[in-house]
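Trainee: Handing over final-v4.cif, mmCIF, C-alpha atoms.
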```cif
data_entry
#
loop_
_atom_site.group_PDB
_atom_site.id
_atom_site.type_symbol
_atom_site.label_atom_id
_atom_site.label_comp_id
_atom_site.auth_asym_id
_atom_site.auth_seq_id
_atom_site.Cartn_x
_atom_site.Cartn_y
_atom_site.Cartn_z
ATOM 1 C CA MET A 11 -6.818 -13.799 4.764
ATOM 2 C CA LEU A 12 -7.496 -10.037 4.700
ATOM 3 C CA ALA A 13 -6.896 -9.852 8.440
ATOM 4 C CA ILE A 14 -3.489 -11.522 7.999
ATOM 5 C CA ILE A 15 -2.582 -9.135 5.173
ATOM 6 C CA SER A 16 -3.709 -6.230 7.360
ATOM 7 C CA TRP A 17 -1.485 -7.290 10.259
ATOM 8 C CA ILE A 18 1.484 -7.708 7.905
ATOM 9 C CA ALA A 19 0.923 -4.265 6.367
ATOM 10 C CA LEU A 20 0.570 -2.644 9.789
ATOM 11 C CA GLY A 21 3.684 -4.433 11.018
ATOM 12 C CA ILE A 22 5.693 -3.228 8.031
ATOM 13 C CA GLY A 23 4.452 0.306 8.605
ATOM 14 C CA ILE A 24 5.301 0.283 12.305
ATOM 15 C CA LEU A 25 8.730 -1.243 11.627
ATOM 16 C CA SER A 26 9.413 1.413 8.987
ATOM 17 C CA SER A 27 8.468 4.133 11.478
ATOM 18 C CA ILE A 28 10.787 2.681 14.113
ATOM 19 C CA ILE A 29 13.725 2.424 11.704
ATOM 20 C CA ILE A 30 13.247 6.019 10.579
ATOM 21 C CA ALA A 31 12.722 7.295 14.134
ATOM 22 C CA VAL A 32 15.965 5.676 15.309
ATOM 23 C CA ASP A 33 17.911 7.146 12.399
ATOM 24 C CA VAL A 34 16.342 10.588 12.874
ATOM 25 C CA TRP A 35 17.360 10.463 16.536
ATOM 26 C CA LYS A 36 20.948 9.818 15.438
ATOM 27 C CA HIS A 37 20.824 12.299 12.555
ATOM 28 C CA PRO A 38 18.329 15.089 13.408
ATOM 29 C CA GLN A 39 16.824 17.085 10.588
ATOM 30 C CA MET A 40 17.683 20.755 10.094
ATOM 31 C CA MET A 41 13.958 21.501 10.160
ATOM 32 C CA LYS A 42 12.840 20.130 13.536
ATOM 33 C CA ILE A 43 9.284 19.312 12.502
ATOM 34 C CA MET A 44 10.648 16.828 9.949
ATOM 35 C CA ASN A 45 11.908 14.710 12.865
ATOM 36 C CA ILE A 46 8.215 13.993 13.479
ATOM 37 C CA VAL A 47 7.088 14.000 9.860
ATOM 38 C CA TRP A 48 9.309 11.167 8.639
ATOM 39 C CA PRO A 49 8.319 8.547 11.257
ATOM 40 C CA ILE A 50 4.625 9.344 10.687
ATOM 41 C CA ASN A 51 5.097 8.837 6.965
ATOM 42 C CA GLY A 52 6.797 5.535 7.709
ATOM 43 C CA TRP A 53 3.560 4.240 9.230
ATOM 44 C CA PHE A 54 1.475 4.575 6.075
ATOM 45 C CA LEU A 55 4.073 4.709 3.278
ATOM 46 C CA GLY A 56 6.170 1.874 4.701
ATOM 47 C CA PRO A 57 9.098 0.879 2.441
ATOM 48 C CA ILE A 58 8.467 3.922 0.213
ATOM 49 C CA ALA A 59 9.042 6.175 3.211
ATOM 50 C CA LEU A 60 12.200 4.243 4.082
ATOM 51 C CA TRP A 61 13.570 4.591 0.551
ATOM 52 C CA THR A 62 12.757 8.290 0.232
ATOM 53 C CA TYR A 63 14.030 9.081 3.710
ATOM 54 C CA PHE A 64 17.437 7.497 3.174
ATOM 55 C CA LYS A 65 17.688 8.828 -0.390
ATOM 56 C CA TRP A 66 16.409 12.387 0.190
ATOM 57 C CA GLY A 67 15.598 12.887 3.855
ATOM 58 C CA ARG A 68 19.133 12.308 5.044
ATOM 59 C CA LEU A 69 20.284 15.137 2.753
ATOM 60 C CA LYS A 70 18.452 17.535 5.106
ATOM 61 C CA ALA A 71 20.068 16.186 8.283
ATOM 62 C CA LYS A 72 22.154 18.577 10.359
ATOM 63 C CA ASP A 73 25.251 16.403 9.987
ATOM 64 C CA ASN A 74 24.879 15.844 6.244
ATOM 65 C CA ASP A 75 28.034 16.442 4.222
ATOM 66 C CA ARG A 76 26.626 15.395 0.843
ATOM 67 C CA GLU A 77 25.421 17.800 -1.825
ATOM 68 C CA ASP A 78 21.663 18.362 -1.907
ATOM 69 C CA ASP A 79 21.091 17.309 -5.514
ATOM 70 C CA ARG A 80 17.352 16.707 -5.256
ATOM 71 C CA GLY A 81 15.205 17.715 -8.223
ATOM 72 C CA LYS A 82 11.927 19.589 -8.008
ATOM 73 C CA GLY A 83 9.923 16.357 -7.856
ATOM 74 C CA ALA A 84 11.781 15.269 -4.724
ATOM 75 C CA LYS A 85 11.371 18.687 -3.112
ATOM 76 C CA VAL A 86 7.642 18.644 -3.777
ATOM 77 C CA PHE A 87 7.597 15.105 -2.340
ATOM 78 C CA PHE A 88 9.067 16.641 0.832
ATOM 79 C CA SER A 89 6.360 19.303 0.908
ATOM 80 C CA THR A 90 3.657 16.683 0.340
ATOM 81 C CA SER A 91 5.122 14.437 3.050
ATOM 82 C CA HIS A 92 5.041 17.347 5.459
ATOM 83 C CA CYS A 93 1.411 18.131 4.688
ATOM 84 C CA SER A 94 0.326 14.489 4.663
ATOM 85 C CA SER A 95 1.879 13.722 8.032
ATOM 86 C CA GLY A 96 -0.113 16.461 9.755
ATOM 87 C CA CYS A 97 -3.302 15.296 8.049
ATOM 88 C CA SER A 98 -2.618 11.651 8.847
ATOM 89 C CA PHE A 99 -1.907 12.406 12.489
ATOM 90 C CA GLY A 100 -5.142 14.369 12.818
ATOM 91 C CA ASP A 101 -7.131 11.642 11.072
ATOM 92 C CA ALA A 102 -5.617 8.933 13.295
ATOM 93 C CA VAL A 103 -6.442 10.932 16.437
ATOM 94 C CA GLY A 104 -10.006 11.474 15.231
ATOM 95 C CA VAL A 105 -10.792 7.781 14.778
ATOM 96 C CA PRO A 106 -10.813 6.789 18.492
ATOM 97 C CA ILE A 107 -12.676 10.002 19.394
ATOM 98 C CA VAL A 108 -15.568 9.050 17.116
ATOM 99 C CA ALA A 109 -15.398 5.402 18.194
ATOM 100 C CA MET A 110 -15.433 6.154 21.921
ATOM 101 C CA THR A 111 -18.112 8.852 21.819
ATOM 102 C CA GLY A 112 -20.329 7.019 19.352
ATOM 103 C CA ILE A 113 -21.306 10.267 17.663
ATOM 104 C CA THR A 114 -23.071 10.256 14.299
ATOM 105 C CA ILE A 115 -24.065 12.912 11.776
ATOM 106 C CA ALA A 116 -27.330 12.400 9.896
ATOM 107 C CA GLY A 117 -27.327 8.928 11.415
ATOM 108 C CA SER A 118 -23.987 8.080 9.819
ATOM 109 C CA THR A 119 -20.782 7.169 11.609
ATOM 110 C CA LEU A 120 -18.855 7.800 8.389
ATOM 111 C CA PHE A 121 -20.044 11.419 8.239
ATOM 112 C CA ALA A 122 -18.961 11.848 11.863
ATOM 113 C CA HIS A 123 -15.516 10.533 10.937
ATOM 114 C CA TYR A 124 -15.398 12.986 8.054
ATOM 115 C CA ALA A 125 -16.255 15.972 10.241
ATOM 116 C CA VAL A 126 -14.066 15.163 13.253
ATOM 117 C CA GLU A 127 -11.090 13.988 11.238
ATOM 118 C CA PHE A 128 -11.209 16.947 8.855
ATOM 119 C CA ILE A 129 -11.190 19.406 11.743
ATOM 120 C CA LEU A 130 -8.299 17.647 13.471
ATOM 121 C CA ALA A 131 -6.379 17.087 10.229
ATOM 122 C CA TYR A 132 -6.740 20.773 9.376
ATOM 123 C CA GLY A 133 -5.631 21.818 12.847
ATOM 124 C CA PHE A 134 -2.578 19.578 12.951
ATOM 125 C CA GLY A 135 -1.784 20.397 9.329
ATOM 126 C CA ILE A 136 -1.619 24.113 10.148
ATOM 127 C CA ILE A 137 0.468 23.397 13.264
ATOM 128 C CA PHE A 138 2.944 21.317 11.278
ATOM 129 C CA GLN A 139 3.096 24.017 8.601
ATOM 130 C CA TYR A 140 3.620 26.725 11.232
ATOM 131 C CA PHE A 141 6.637 24.911 12.641
ATOM 132 C CA ALA A 142 8.088 24.728 9.147
ATOM 133 C CA ILE A 143 7.458 28.398 8.301
ATOM 134 C CA HIS A 144 7.981 30.326 11.521
ATOM 135 C CA PRO A 145 11.522 29.135 12.415
ATOM 136 C CA MET A 146 12.660 30.126 8.905
ATOM 137 C CA SER A 147 10.977 33.569 8.965
ATOM 138 C CA ASP A 148 13.127 36.053 10.851
ATOM 139 C CA ASN A 149 10.806 38.998 10.244
ATOM 140 C CA ASN A 150 7.450 37.260 10.644
ATOM 141 C CA SER A 151 5.332 37.642 13.752
ATOM 142 C CA LYS A 152 3.575 34.527 15.036
ATOM 143 C CA TRP A 153 0.307 35.742 13.505
ATOM 144 C CA ASP A 154 1.990 36.321 10.149
ATOM 145 C CA SER A 155 3.328 32.774 10.256
ATOM 146 C CA ILE A 156 -0.106 31.397 11.148
ATOM 147 C CA ARG A 157 -1.620 33.291 8.213
ATOM 148 C CA ASP A 158 1.084 32.003 5.875
ATOM 149 C CA SER A 159 0.560 28.462 7.203
ATOM 150 C CA ILE A 160 -3.158 28.594 6.455
ATOM 151 C CA LYS A 161 -2.443 29.968 2.986
ATOM 152 C CA ALA A 162 0.178 27.310 2.238
ATOM 153 C CA ASP A 163 -1.611 24.284 3.661
ATOM 154 C CA SER A 164 -5.349 24.684 3.034
ATOM 155 C CA LEU A 165 -5.496 23.546 -0.583
ATOM 156 C CA SER A 166 -3.070 20.649 -0.123
ATOM 157 C CA LEU A 167 -4.943 19.512 2.977
ATOM 158 C CA ILE A 168 -8.290 19.570 1.194
ATOM 159 C CA ALA A 169 -6.743 17.614 -1.693
ATOM 160 C CA PHE A 170 -5.413 15.043 0.796
ATOM 161 C CA GLU A 171 -8.802 14.608 2.420
ATOM 162 C CA VAL A 172 -10.513 14.198 -0.968
ATOM 163 C CA GLY A 173 -8.357 11.151 -1.680
ATOM 164 C CA MET A 174 -8.630 9.801 1.829
ATOM 165 C CA PHE A 175 -12.371 10.346 2.307
ATOM 166 C CA GLY A 176 -13.101 8.970 -1.160
ATOM 167 C CA TRP A 177 -11.454 5.676 -0.234
ATOM 168 C CA MET A 178 -13.251 5.622 3.130
ATOM 169 C CA ALA A 179 -16.563 5.930 1.273
ATOM 170 C CA ILE A 180 -15.624 3.054 -1.041
ATOM 171 C CA VAL A 181 -14.703 0.906 1.962
ATOM 172 C CA HIS A 182 -17.862 1.854 3.835
ATOM 173 C CA TYR A 183 -20.371 1.458 1.030
ATOM 174 C CA LEU A 184 -18.871 -0.874 -1.584
ATOM 175 C CA LEU A 185 -16.120 -3.209 -0.352
ATOM 176 C CA PHE A 186 -17.704 -4.677 2.774
ATOM 177 C CA ARG A 187 -21.182 -5.766 3.746
ATOM 178 C CA GLN A 188 -20.219 -4.864 7.292
ATOM 179 C CA PRO A 189 -17.495 -2.162 7.309
ATOM 180 C CA PRO A 190 -14.508 -2.872 9.592
ATOM 181 C CA VAL A 191 -14.315 -1.068 12.922
ATOM 182 C CA PRO A 192 -11.337 0.584 14.657
ATOM 183 C CA THR A 193 -10.758 -2.427 16.907
ATOM 184 C CA GLU A 194 -9.876 -4.538 13.842
ATOM 185 C CA ALA A 195 -6.564 -4.570 11.998
ATOM 186 C CA THR A 196 -8.436 -4.416 8.683
ATOM 187 C CA TYR A 197 -9.776 -0.977 9.579
ATOM 188 C CA TRP A 198 -6.295 0.434 10.052
ATOM 189 C CA PHE A 199 -5.040 -1.263 6.907
ATOM 190 C CA MET A 200 -7.837 0.501 5.025
ATOM 191 C CA MET A 201 -6.715 3.734 6.701
ATOM 192 C CA GLN A 202 -3.159 3.130 5.495
ATOM 193 C CA ILE A 203 -4.452 2.814 1.949
ATOM 194 C CA ALA A 204 -6.588 5.924 2.424
ATOM 195 C CA MET A 205 -3.548 7.919 3.541
ATOM 196 C CA VAL A 206 -1.506 6.741 0.551
ATOM 197 C CA LEU A 207 -4.311 7.846 -1.771
ATOM 198 C CA GLY A 208 -4.523 11.135 0.114
ATOM 199 C CA PHE A 209 -0.809 11.604 -0.472
ATOM 200 C CA LEU A 210 -1.286 10.985 -4.198
ATOM 201 C CA THR A 211 -4.156 13.472 -4.524
ATOM 202 C CA SER A 212 -2.244 16.036 -2.473
ATOM 203 C CA TYR A 213 0.946 15.855 -4.547
ATOM 204 C CA PRO A 214 -0.423 17.781 -7.590
ATOM 205 C CA ALA A 215 -1.839 20.446 -5.247
ATOM 206 C CA ASN A 216 1.548 20.855 -3.583
ATOM 207 C CA TRP A 217 3.253 21.035 -6.979
ATOM 208 C CA TRP A 218 0.891 23.861 -8.000
ATOM 209 C CA LEU A 219 1.373 25.710 -4.699
ATOM 210 C CA VAL A 220 5.156 25.519 -5.061
ATOM 211 C CA GLN A 221 4.959 26.508 -8.734
ATOM 212 C CA LYS A 222 2.927 29.608 -7.847
ATOM 213 C CA GLY A 223 5.232 30.545 -4.976
ATOM 214 C CA ILE A 224 2.447 30.165 -2.406
ATOM 215 C CA LYS A 225 4.374 27.386 -0.697
ATOM 216 C CA GLU A 226 8.126 26.946 -0.425
ATOM 217 C CA GLU A 227 9.655 23.752 -1.770
ATOM 218 C CA MET A 228 11.395 21.814 0.983
#
```
What is this file in structure tokens?
Mentor:
Amino acid sequence: MLAIISWIALGIGILSSIIIAVDVWKHPQMMKIMNIVWPINGWFLGPIALWTYFKWGRLKAKDNDREDDRGKGAKVFFSTSHCSSGCSFGDAVGVPIVAMTGITIAGSTLFAHYAVEFILAYGFGIIFQYFAIHPMSDNNSKWDSIRDSIKADSLSLIAFEVGMFGWMAIVHYLLFRQPPVPTEATYWFMMQIAMVLGFLTSYPANWWLVQKGIKEEM
């Protein structure tokens, strides 16, 4: 039964990504990196990503003629979506690397996933942040934008990974006698849940960063 639920959840996520990607292609975002962010969010947020994209995301399209009436909560949601997509992409890339190499840390595959996925999530998170900051900064050098990206994204990324890695530990140690592996749909369904939880733990961090002026609301 869990395998069936997993396939349904993955199918909904993929379908949501496709719908968003098609619409983004027709209505490109003013901030180019968001053309990538929204379809990635569709994969793990599914219908929530669809609803928020058509309600708020379309307001930031180049051809939008409606007033941007989003409140602060929606703008922080944008910032969190941006951060979470970079983290999620890095985490998803890290999974097959660990699986194919068979590496472990202290005899644990989970610890290897933590290390590899954190490094990649951090790297892609900074890259995604850079492509949000640098195009909007006329006076910034590339190094200034990299520094600002690290400053803006580090706390929110760590908060994301706390939620995500916490769920991975629960899956690995508590929910299954034999944890699912990347070749099974259940594994990726668990990853979807982990990314949603990462989004939730990252949202307060993004709110604080925006409130303190460390990160711009989007």
Trainee: Determine the residue membership of the PyMOL selection byres ((chain A and resi 205) around 8) for the file above and supply it as a list in words.
Mentor: Phe54, Ser94, Ser98, Phe170, Gly173, Met174, Met201, Gln202, Ile203, Ala204, Val206, Leu207, Gly208 and Phe209 of chain A
Trainee: Residues within 12 Å of Val103 (chain A), please, as a list in words. Count all atoms listed in the file; anything in the same chain fewer than 3 positions from it doesn't count.
Mentor: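 Once the adjacent positions are removed, what remains is Gly96, Cys97, Ser98, Phe99, Gly100, Pro106, Ile107, Val108, Ala109, Met110, His123, Val126, Glu127, Phe128, Ile129, Leu130, Ala131, Gly133, Phe134 and Pro192 of chain A.
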Trainee: Name the residues in contact with Ile224 (chain A) at a cut-off of 10 Å, using all atoms listed in the file, excluding same-chain residues fewer than 3 positions from it; report them as an MDAnalysis selection string.
Mentor: chainID A and resid 158:159 161:163 216 218:221 227
Trainee: I'd like to see the residues matched by the PyMOL selection byres ((chain A and resi 42) around 12) on this file, and ideally I'd get them as a PyMOL selection string.
Mentor: chain A and resi 34-35+37-41+43-48+70-72+92+138-146
Trainee: When you draw a straight line from CA of Ser164 (chain A) to CA of His182 (chain A), how long is it in Å?
Mentor: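 CA of His182 (chain A) lies at a distance of 26.0 Å from CA of Ser164 (chain A).
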Trainee: Residues near Ile58 (chain A), anyone? I mean within 12 Å using all atoms listed in the file, not counting same-chain ones fewer than 4 positions away, as a PDB file with C-alpha atoms, in the coordinates of the input.
Mentor:
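So around-v9.pdb came out as:
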```pdb
ATOM      1  CA  ILE A  22       5.693  -3.228   8.031  1.00  0.00           C
ATOM      2  CA  GLY A  23       4.452   0.306   8.605  1.00  0.00           C
ATOM      3  CA  SER A  26       9.413   1.413   8.987  1.00  0.00           C
ATOM      4  CA  SER A  27       8.468   4.133  11.478  1.00  0.00           C
ATOM      5  CA  ILE A  30      13.247   6.019  10.579  1.00  0.00           C
ATOM      6  CA  TRP A  48       9.309  11.167   8.639  1.00  0.00           C
ATOM      7  CA  PRO A  49       8.319   8.547  11.257  1.00  0.00           C
ATOM      8  CA  ASN A  51       5.097   8.837   6.965  1.00  0.00           C
ATOM      9  CA  GLY A  52       6.797   5.535   7.709  1.00  0.00           C
ATOM     10  CA  TRP A  53       3.560   4.240   9.230  1.00  0.00           C
ATOM     11  CA  PHE A  54       1.475   4.575   6.075  1.00  0.00           C
ATOM     12  CA  THR A  62      12.757   8.290   0.232  1.00  0.00           C
ATOM     13  CA  TYR A  63      14.030   9.081   3.710  1.00  0.00           C
ATOM     14  CA  PHE A  64      17.437   7.497   3.174  1.00  0.00           C
ATOM     15  CA  LYS A  65      17.688   8.828  -0.390  1.00  0.00           C
ATOM     16  CA  TRP A  66      16.409  12.387   0.190  1.00  0.00           C
ATOM     17  CA  PHE A  87       7.597  15.105  -2.340  1.00  0.00           C
ATOM     18  CA  SER A  91       5.122  14.437   3.050  1.00  0.00           C
ATOM     19  CA  VAL A 206      -1.506   6.741   0.551  1.00  0.00           C
TER      20      VAL A 206
END
```
Trainee: Would you compute an axis-aligned box for region 43-53 of chain A, covering every atom listed for it in the file with 6 Å of margin on each side, and report centre and edge lengths in Å to one decimal as JSON?
Mentor:
```
{"center_x": 7.7, "center_y": 11.8, "center_z": 10.2, "size_x": 20.3, "size_y": 27.1, "size_z": 18.5}
```
Trainee: What is the distance between CA of Phe186 (chain A) and CA of Ala13 (chain A), in Å to one decimal?
Mentor: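 These two atoms are separated by 13.3 Å.
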Trainee: Figure out the distance between CA of Ser212 (chain A) and CA of Asp33 (chain A), please, to one decimal in Å.
Mentor: 26.6 Å
Trainee: For Gly67 (chain A), which of A:Thr193, A:Arg157, A:Ser16, A:Met228 is the closest residue, counting only C-alpha atoms?
Mentor: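 Among the listed residues, the smallest separation from Gly67 (chain A) belongs to A:Met228.
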